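Report on one structure; see the data block that follows.
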Amino acid sequence: MLKGLSRYIFVQALGPFVVATVVLTGIIWLTQALRMLDVMITQGQTLVAFFQLTALALPSTLIIVLPISLFCALLYTLHKLIADSEIVVMFSAGVSLWAVAKPILAIAMAVSFIVLSFSVYIAPAGMRELKSRIYDIRTDVTSSMIREGTFTNPTTGLTVYVRERAPDGTTHGVLVHDSRNPNEPITYMAETGSMVQGPRGPLLVMFNGNIQRVSRDEAKERGAATLLFFDKYTFDLSPYLKNQPALVYEGRERYFNELVNPSADDTYGQSHRNKLLADAHERLAEGIFPMALALIALAALLPAPFNRRGYAMRMAAAAGAALVLRVAGFALANTSKNDLSIVPLVYLVPLAACAISLAIVGGVRFGPILQRLPLPRLPGSGARS
């Protein structure tokens, strides 16, 4: 009986959890995708590359989404079971409170393991690959300077156009106009061309074309044009490229061992040791939050007495407690990057939430305990005659 009951509660909670995860992930994915559109458009990338890049950022998104989705799903599931009197029937049949909570805690433990796995390895691996690909896209001269059927301006005074670009990289109908010197503009036209890497940078090799040079005389307000045909001409593009910064992996793009023990030749790691160590503790603490939020949902509804007015107040209180806990977790994680003495609180706050919630589910009532505490009285709060 208990196995069938546990399976029933498990399925009832799993469905809303999957739906909430898909919805929240889609919303956050959309916001991240909009930020990457600029890179895709300016660098001339394909739609396939766009979806690949946004997919790499999903694991880091799920670290935030999964605990929240679990909390919302459990609140919905428990409220539905209580509203349909199924919890009352279970308790009347002799089922213990912990037997009802067992499948819910099993889901919470599984989500905690998934979040911890994502936080420690999968998410940084995805962010690392994402940063590497964006770096390659931004430094890809062929994609940024040579776009099929488009006039591009890599720098002021230089215009590049190609009519067609073959899959092997060969370009057809090449035009390069150099007007940096307004008194002597030069136009290069060629039937075909290809991009090659030279010792100082990229080179555009053009075949079967001509060079049109105009020399203007400002005093006489007239100019002379010269035309030169060539079979092969090499145009050096390296002077027109901006200096690209070195690829440096920051905290979220590093594996766990690189946070705890950066190598001796890692300049960024050695100069940001405290920040990286705080990031390592934050990743470990992320695995506690799914269980903490699940226990808050259980503490709010499972031991609640029957109430004809509903359980809106309890659900609102649980949502408020979950919000405070999550905000406190983010705040402590950010503060610990500047002060490592805060690191113990990064673990203690979610663990304290787990302990208090377990005590409430176990039957501890904190109201009478708080009344017994020797709290200071406000002036004039004594008994009146």
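Ordering of the structure tokens sets the chain letters (A, B, ...), residue numbers begin anew at 1 in every chain, and ligands are numbered from 1 in the order given.
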Could you pull out all residues of segment 231-282 of chain A with a DSSP call of alpha helix (DSSP H) and give them as a compact mmCIF listing (two decimals) with N, CA, C and O atoms, in the first residue's frame?
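Output file selection-v7.txt is given in full below:
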```txt
# COMPACT_ATOMS: atom_id res chain seq x y z
N PHE A 256 35.87 23.07 -11.09
CA PHE A 256 35.95 23.20 -9.63
C PHE A 256 37.40 23.19 -9.15
O PHE A 256 37.78 23.98 -8.28
N ASN A 257 38.23 22.31 -9.71
CA ASN A 257 39.63 22.25 -9.28
C ASN A 257 40.39 23.52 -9.64
O ASN A 257 41.33 23.92 -8.95
N GLU A 258 39.99 24.21 -10.72
CA GLU A 258 40.62 25.47 -11.10
C GLU A 258 40.22 26.61 -10.16
O GLU A 258 40.94 27.60 -10.06
N LEU A 259 39.08 26.46 -9.49
CA LEU A 259 38.69 27.46 -8.50
C LEU A 259 39.44 27.27 -7.20
O LEU A 259 39.90 28.25 -6.58
N VAL A 260 39.57 26.03 -6.78
CA VAL A 260 40.20 25.75 -5.48
C VAL A 260 41.71 25.87 -5.55
O VAL A 260 42.35 26.40 -4.64
N THR A 267 47.56 33.68 -14.34
CA THR A 267 47.63 35.06 -13.82
C THR A 267 46.31 35.48 -13.20
O THR A 267 46.28 36.04 -12.08
N TYR A 268 45.21 35.23 -13.90
CA TYR A 268 43.90 35.61 -13.37
C TYR A 268 43.59 34.84 -12.08
O TYR A 268 43.09 35.41 -11.10
N GLY A 269 43.87 33.53 -12.08
CA GLY A 269 43.57 32.73 -10.90
C GLY A 269 44.37 33.15 -9.69
O GLY A 269 43.84 33.17 -8.56
N GLN A 270 45.63 33.49 -9.87
CA GLN A 270 46.45 33.89 -8.74
C GLN A 270 46.05 35.26 -8.20
O GLN A 270 46.16 35.51 -7.00
N SER A 271 45.59 36.14 -9.07
CA SER A 271 45.22 37.49 -8.62
C SER A 271 43.79 37.56 -8.09
O SER A 271 43.42 38.57 -7.49
N ARG A 273 42.29 34.84 -6.17
CA ARG A 273 42.15 33.58 -5.44
C ARG A 273 40.94 33.59 -4.49
O ARG A 273 40.18 32.62 -4.42
N ASN A 274 40.76 34.68 -3.75
CA ASN A 274 39.64 34.74 -2.80
C ASN A 274 38.29 34.67 -3.51
O ASN A 274 37.37 33.98 -3.06
N LYS A 275 38.18 35.38 -4.62
CA LYS A 275 36.93 35.37 -5.38
C LYS A 275 36.64 33.98 -5.93
O LYS A 275 35.50 33.50 -5.86
N LEU A 276 37.66 33.32 -6.46
CA LEU A 276 37.45 31.98 -7.01
C LEU A 276 37.13 30.97 -5.93
O LEU A 276 36.30 30.07 -6.13
N LEU A 277 37.75 31.11 -4.77
CA LEU A 277 37.45 30.20 -3.66
C LEU A 277 36.01 30.39 -3.18
O LEU A 277 35.32 29.42 -2.85
N ALA A 278 35.56 31.64 -3.14
CA ALA A 278 34.16 31.90 -2.78
C ALA A 278 33.21 31.31 -3.80
O ALA A 278 32.14 30.78 -3.44
N ASP A 279 33.57 31.36 -5.08
CA ASP A 279 32.75 30.74 -6.12
C ASP A 279 32.65 29.23 -5.93
O ASP A 279 31.60 28.63 -6.16
N ALA A 280 33.75 28.61 -5.49
CA ALA A 280 33.73 27.17 -5.25
C ALA A 280 32.76 26.81 -4.14
O ALA A 280 31.99 25.85 -4.24
N HIS A 281 32.78 27.59 -3.04
CA HIS A 281 31.84 27.34 -1.95
C HIS A 281 30.40 27.60 -2.38
O HIS A 281 29.47 26.87 -1.96
N GLU A 282 30.20 28.61 -3.20
CA GLU A 282 28.84 28.89 -3.68
C GLU A 282 28.29 27.73 -4.49
O GLU A 282 27.11 27.38 -4.38
```
Margin query: If we count only C-alpha atoms and set the cut-off at 7 Å, which residues sit around segment 127-139 of chain A, ignoring sequence neighbours fewer than 2 positions away in its own chain? Please answer as a ChimeraX atom specification.
Written below: /A:43,53,56-57,123-125,141,252-254
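Coordinates place atom CA of Thr77 of chain A at a distance of 17.9 Å from atom CA of Ser96 of chain A.
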Excluding same-chain residues fewer than 4 positions from Phe207 of chain A, what lies within 9 Å of it counting only C-alpha atoms, as a PyMOL selection string?
chain A and resi 190-194+230-234
Practice task
Could you give me, as number ranges by chain, each residue of segment 107-223 of chain A that DSSP assigns to strand (DSSP E or B) when run on this structure's backbone?
Solution key: A: 148, 152-155, 158-165, 171-178, 186-197, 202-217, 222-223
Deliver the residues from the most recent selection as a file, using C-alpha atoms, as a PDB file, in the first residue's frame.
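So part-v2.pdb came out as:
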```
ATOM      1  CA  GLU A 148      27.856  37.144 -49.050  1.00  0.00           C
ATOM      2  CA  THR A 152      30.946  45.460 -44.790  1.00  0.00           C
ATOM      3  CA  ASN A 153      33.102  48.172 -43.235  1.00  0.00           C
ATOM      4  CA  PRO A 154      35.790  46.575 -41.043  1.00  0.00           C
ATOM      5  CA  THR A 155      37.237  50.026 -40.400  1.00  0.00           C
ATOM      6  CA  LEU A 158      37.516  50.343 -46.068  1.00  0.00           C
ATOM      7  CA  THR A 159      34.592  48.581 -47.769  1.00  0.00           C
ATOM      8  CA  VAL A 160      34.524  44.874 -48.652  1.00  0.00           C
ATOM      9  CA  TYR A 161      31.917  43.130 -50.817  1.00  0.00           C
ATOM     10  CA  VAL A 162      31.623  39.613 -52.243  1.00  0.00           C
ATOM     11  CA  ARG A 163      28.861  38.474 -54.558  1.00  0.00           C
ATOM     12  CA  GLU A 164      28.999  34.808 -53.573  1.00  0.00           C
ATOM     13  CA  ARG A 165      30.823  32.661 -51.054  1.00  0.00           C
ATOM     14  CA  THR A 171      34.626  33.994 -52.851  1.00  0.00           C
ATOM     15  CA  HIS A 172      33.315  35.153 -56.237  1.00  0.00           C
ATOM     16  CA  GLY A 173      32.840  38.735 -57.372  1.00  0.00           C
ATOM     17  CA  VAL A 174      35.208  40.450 -54.924  1.00  0.00           C
ATOM     18  CA  LEU A 175      35.312  44.225 -54.441  1.00  0.00           C
ATOM     19  CA  VAL A 176      37.552  46.083 -51.979  1.00  0.00           C
ATOM     20  CA  HIS A 177      37.417  49.883 -51.824  1.00  0.00           C
ATOM     21  CA  ASP A 178      40.096  51.700 -49.821  1.00  0.00           C
ATOM     22  CA  ILE A 186      41.844  52.634 -54.597  1.00  0.00           C
ATOM     23  CA  THR A 187      39.360  50.010 -55.749  1.00  0.00           C
ATOM     24  CA  TYR A 188      40.268  46.317 -56.120  1.00  0.00           C
ATOM     25  CA  MET A 189      38.005  44.063 -58.186  1.00  0.00           C
ATOM     26  CA  ALA A 190      38.533  40.359 -58.813  1.00  0.00           C
ATOM     27  CA  GLU A 191      36.659  37.368 -60.196  1.00  0.00           C
ATOM     28  CA  THR A 192      37.578  35.097 -57.275  1.00  0.00           C
ATOM     29  CA  GLY A 193      39.414  35.282 -53.981  1.00  0.00           C
ATOM     30  CA  SER A 194      40.237  33.382 -50.820  1.00  0.00           C
ATOM     31  CA  MET A 195      41.269  34.171 -47.266  1.00  0.00           C
ATOM     32  CA  VAL A 196      44.592  32.775 -46.035  1.00  0.00           C
ATOM     33  CA  GLN A 197      46.548  33.232 -42.814  1.00  0.00           C
ATOM     34  CA  PRO A 202      44.905  37.344 -42.505  1.00  0.00           C
ATOM     35  CA  LEU A 203      45.490  37.950 -46.207  1.00  0.00           C
ATOM     36  CA  LEU A 204      42.896  38.280 -48.964  1.00  0.00           C
ATOM     37  CA  VAL A 205      44.302  36.673 -52.131  1.00  0.00           C
ATOM     38  CA  MET A 206      42.462  37.842 -55.268  1.00  0.00           C
ATOM     39  CA  PHE A 207      42.659  36.311 -58.770  1.00  0.00           C
ATOM     40  CA  ASN A 208      41.935  37.706 -62.250  1.00  0.00           C
ATOM     41  CA  GLY A 209      41.071  41.304 -61.462  1.00  0.00           C
ATOM     42  CA  ASN A 210      42.119  44.901 -61.673  1.00  0.00           C
ATOM     43  CA  ILE A 211      43.179  47.837 -59.497  1.00  0.00           C
ATOM     44  CA  GLN A 212      41.590  51.236 -60.123  1.00  0.00           C
ATOM     45  CA  ARG A 213      43.524  54.125 -58.596  1.00  0.00           C
ATOM     46  CA  VAL A 214      42.424  57.780 -58.712  1.00  0.00           C
ATOM     47  CA  SER A 215      44.968  60.539 -57.970  1.00  0.00           C
ATOM     48  CA  ARG A 216      43.227  63.839 -57.289  1.00  0.00           C
ATOM     49  CA  ASP A 217      44.860  67.230 -57.602  1.00  0.00           C
ATOM     50  CA  ARG A 222      40.734  67.259 -61.188  1.00  0.00           C
ATOM     51  CA  GLY A 223      42.130  63.751 -60.972  1.00  0.00           C
TER      52      GLY A 223
END
```
Can you tell me which residues surround Leu70 of chain A at a distance of at most 8 Å, considering only C-alpha atoms, apart from same-chain residues fewer than 5 positions away, and format the answer as a compact mmCIF listing (two decimals) with N, CA, C and O atoms, in the first residue's frame?
```
# COMPACT_ATOMS: atom_id res chain seq x y z
N PHE A 17 6.27 19.72 -11.60
CA PHE A 17 7.68 20.11 -11.57
C PHE A 17 8.26 20.21 -12.98
O PHE A 17 8.96 21.18 -13.29
N ALA A 20 6.67 23.35 -14.67
CA ALA A 20 7.24 24.60 -14.16
C ALA A 20 8.67 24.80 -14.63
O ALA A 20 9.09 25.91 -14.96
N THR A 21 9.43 23.70 -14.71
CA THR A 21 10.82 23.80 -15.19
C THR A 21 10.87 24.24 -16.64
O THR A 21 11.67 25.12 -17.01
N ALA A 108 13.20 15.91 -4.04
CA ALA A 108 14.08 17.00 -3.63
C ALA A 108 15.54 16.55 -3.61
O ALA A 108 16.44 17.29 -4.03
N PRO A 290 17.62 23.19 -3.23
CA PRO A 290 16.42 22.42 -3.58
C PRO A 290 15.79 21.72 -2.38
O PRO A 290 14.56 21.76 -2.21
N LEU A 293 14.14 24.48 -0.05
CA LEU A 293 12.87 25.00 -0.56
C LEU A 293 11.77 23.93 -0.50
O LEU A 293 10.60 24.24 -0.22
N ALA A 294 12.13 22.68 -0.75
CA ALA A 294 11.14 21.60 -0.65
C ALA A 294 10.64 21.44 0.78
O ALA A 294 9.44 21.25 1.03
```
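Proximity of A:Met90, A:Val346, A:Leu323, A:Val100 to Ile68 of chain A, computed with only C-alpha atoms, is greatest for A:Leu323.
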Discussion item. Can you pull out the residues contacting Ala319 of chain A? Cut-off 12 Å, using only C-alpha atoms, and skip same-chain residues under 5 positions away; I want them as a PyMOL selection string.
Written reply: chain A and resi 68+71-72+74-76+293-294+296-301+312-314+324-326
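Of the listed residues (A:Thr226, A:Phe118, A:Gly126, A:Val23), A:Gly126 comes nearest to Gln52 of chain A; the distances count only C-alpha atoms.
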Min atom-atom distance to Ile82 of chain A from the set A:Ala317, A:Thr335, A:Pro303, A:Pro182, counting only C-alpha atoms, belongs to A:Pro303
Restricting to only C-alpha atoms, whichever of A:Ala304, A:Asn181, A:Ala353, A:Ile342 is closest to Ala322 of chain A is A:Ala353
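The spacing separating atom CA of Leu284 of chain A from atom CA of Leu78 of chain A amounts to 28.6 Å.
Of note, atom CA of Ile360 of chain A and atom CA of Leu97 of chain A are spaced 11.7 Å apart.
The nearest approach to Tyr121 of chain A among the residues A:Val19, A:Ala355, A:Ser92, A:Tyr255, with only C-alpha atoms taken into account, belongs to A:Tyr255.
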